[in-house]
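Listing of model37.txt; format and content: compact mmCIF, C-alpha atoms.
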```
# COMPACT_ATOMS: atom_id res chain seq x y z
CA MET A 122 -11.40 1.95 -12.47
CA LYS A 123 -14.29 -0.50 -12.19
CA LEU A 124 -12.20 -2.62 -9.81
CA VAL A 125 -11.51 0.38 -7.57
CA LEU A 126 -15.18 1.28 -7.53
CA SER A 127 -16.13 -2.31 -6.72
CA ILE A 128 -13.65 -2.43 -3.87
CA TRP A 129 -14.84 0.94 -2.62
CA ALA A 130 -18.47 -0.26 -2.66
CA ALA A 131 -17.56 -3.46 -0.80
CA VAL A 132 -15.65 -1.59 1.88
CA THR A 133 -18.48 0.92 2.22
CA ALA A 134 -20.90 -1.94 2.81
CA LEU A 135 -18.65 -3.34 5.54
CA TYR A 136 -18.73 -0.03 7.39
CA SER A 137 -22.43 0.76 6.99
CA GLN A 138 -23.13 0.43 10.71
CA GLY A 139 -22.27 4.07 11.51
CA GLY A 140 -20.17 5.60 14.26
CA GLN A 141 -17.03 7.74 14.37
CA GLY A 142 -14.89 5.10 12.67
CA ARG A 143 -17.34 5.05 9.78
CA GLY A 144 -17.06 8.81 9.35
CA GLU A 145 -13.27 8.72 9.24
CA PHE A 146 -13.27 5.70 6.96
CA ALA A 147 -15.75 7.33 4.59
CA ALA A 148 -13.67 10.52 4.56
CA GLY A 149 -10.60 8.46 3.67
CA GLN A 150 -12.49 6.75 0.87
CA ASP A 151 -13.68 10.09 -0.46
CA TYR A 152 -10.12 11.43 -0.52
CA TYR A 153 -8.89 8.25 -2.22
CA MET A 154 -11.57 8.38 -4.92
CA ALA A 155 -10.73 12.07 -5.54
CA ALA A 156 -7.00 11.18 -5.93
CA GLY A 157 -6.14 12.84 -2.61
CA PHE A 158 -3.94 9.91 -1.65
CA ARG A 159 -1.87 11.70 1.00
CA LYS A 160 -5.05 12.92 2.73
CA ALA A 161 -6.61 9.46 2.40
CA ALA A 162 -3.57 7.86 4.04
CA ALA A 163 -3.78 10.40 6.88
CA ARG A 164 -7.41 9.40 7.54
CA PHE A 165 -6.81 5.65 7.40
CA GLN A 166 -3.51 5.59 9.34
CA PRO A 167 -4.90 6.12 12.88
CA MET A 168 -7.47 3.37 12.37
CA CYS A 169 -4.70 1.06 11.21
CA ASN A 170 -2.10 1.92 13.82
CA ILE A 171 -4.34 2.35 16.87
CA ASN A 172 -7.21 -0.05 16.14
CA ASN A 173 -5.29 -2.62 14.07
CA ASP A 174 -8.06 -2.37 11.49
CA ALA A 175 -7.02 -4.55 8.54
CA ASP A 176 -9.25 -2.65 6.10
CA ALA A 177 -7.73 0.67 7.13
CA CYS A 178 -4.20 -0.78 6.83
CA TYR A 179 -5.03 -2.00 3.35
CA TRP A 180 -6.27 1.41 2.29
CA VAL A 181 -3.26 3.19 3.80
CA GLY A 182 -1.09 0.88 1.74
CA ARG A 183 -3.13 1.46 -1.41
CA SER A 184 -2.95 5.22 -0.84
CA TYR A 185 0.82 5.15 -0.44
CA GLU A 186 1.08 2.87 -3.44
CA ARG A 187 -0.41 5.68 -5.53
CA LEU A 188 2.21 8.14 -4.28
CA ALA A 189 5.42 7.62 -6.24
CA ASP A 190 7.69 8.42 -3.27
CA SER A 191 6.01 6.07 -0.81
CA ASN A 192 6.48 2.50 -2.06
CA ALA A 193 8.20 1.35 1.14
CA LYS A 194 5.33 2.68 3.24
CA ALA A 195 2.83 1.04 0.93
CA HIS A 196 4.50 -2.33 1.37
CA GLU A 197 4.61 -1.88 5.16
CA TYR A 198 0.88 -1.22 5.47
CA LEU A 199 -0.21 -3.81 2.91
CA ALA A 200 1.87 -6.42 4.75
CA LYS A 201 0.28 -5.38 8.06
CA ALA A 202 -3.19 -5.77 6.54
CA ALA A 203 -2.25 -9.26 5.37
CA ARG A 204 -0.96 -10.16 8.85
CA LEU A 205 -4.13 -8.86 10.55
CA ALA A 206 -6.47 -10.66 8.16
CA PRO A 207 -4.58 -13.53 6.50
CA ASP A 208 -7.82 -15.01 5.15
CA ARG A 209 -8.49 -11.97 2.93
CA THR A 210 -6.68 -12.67 -0.32
CA ARG A 211 -6.89 -9.08 -1.59
CA TYR A 212 -4.65 -8.00 1.28
CA ARG A 213 -1.78 -10.24 0.22
CA VAL A 214 1.21 -8.35 -1.12
CA LYS A 215 2.01 -9.43 -4.65
CA ARG A 216 5.62 -9.41 -5.79
CA ARG A 217 6.31 -8.26 -9.33
```

What does the file become when written as structure tokens?
Amino acid sequence: MKLVLSIWAAVTALYSQGGQGRGEFAAGQDYYMAAGFRKAAARFQPMCNINNDADACYWVGRSYERLADSNAKAHEYLAKAARLAPDRTRYRVKRR
């Protein structure tokens, strides 16, 4: 839980400049933190698919990862985040 909160705080800091994207991103984070993973994915998906936002792709993937029926979607979005920002190690998909 501490890791999730730390990640959430770091992402919030990245988006502290305001604007429409910030509002949608914050709404997605709020849904994620409240375990509304399907709603969180719906908020992050447009930012990922339209804007190619690596952070949004990562959070779509994390949201789908939490939904038992969506592992393939999770992998798809986490892989896209890694492709968009290969220097960010947290975006790399880990094989089990």

Tell me which protein, DNA and RNA residues are within 7 Å of segment 156-163 of chain A, counting only C-alpha atoms, leaving out same-chain ones fewer than 6 positions away, and put them as a PyMOL selection string. chain A and resi 149-150+181+184-185+187-188

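Reported to one decimal place, the separation of atom CA of Leu205 of chain A from atom CA of Met168 of chain A is 12.8 Å.
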
What is the atom CA of Ala148 of chain A-atom CA of Asp176 of chain A distance in Å, reported with one decimal? 14.0 Å

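The gap separating atom CA of Ala193 of chain A from atom CA of Ala147 of chain A is 24.9 Å, in Å to one decimal.
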
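You can rank A:Glu145, A:Ala175, A:Gly182, A:Ala195 by their closest distance to Asp208 of chain A using only C-alpha atoms, and at the top of that list sits A:Ala175.
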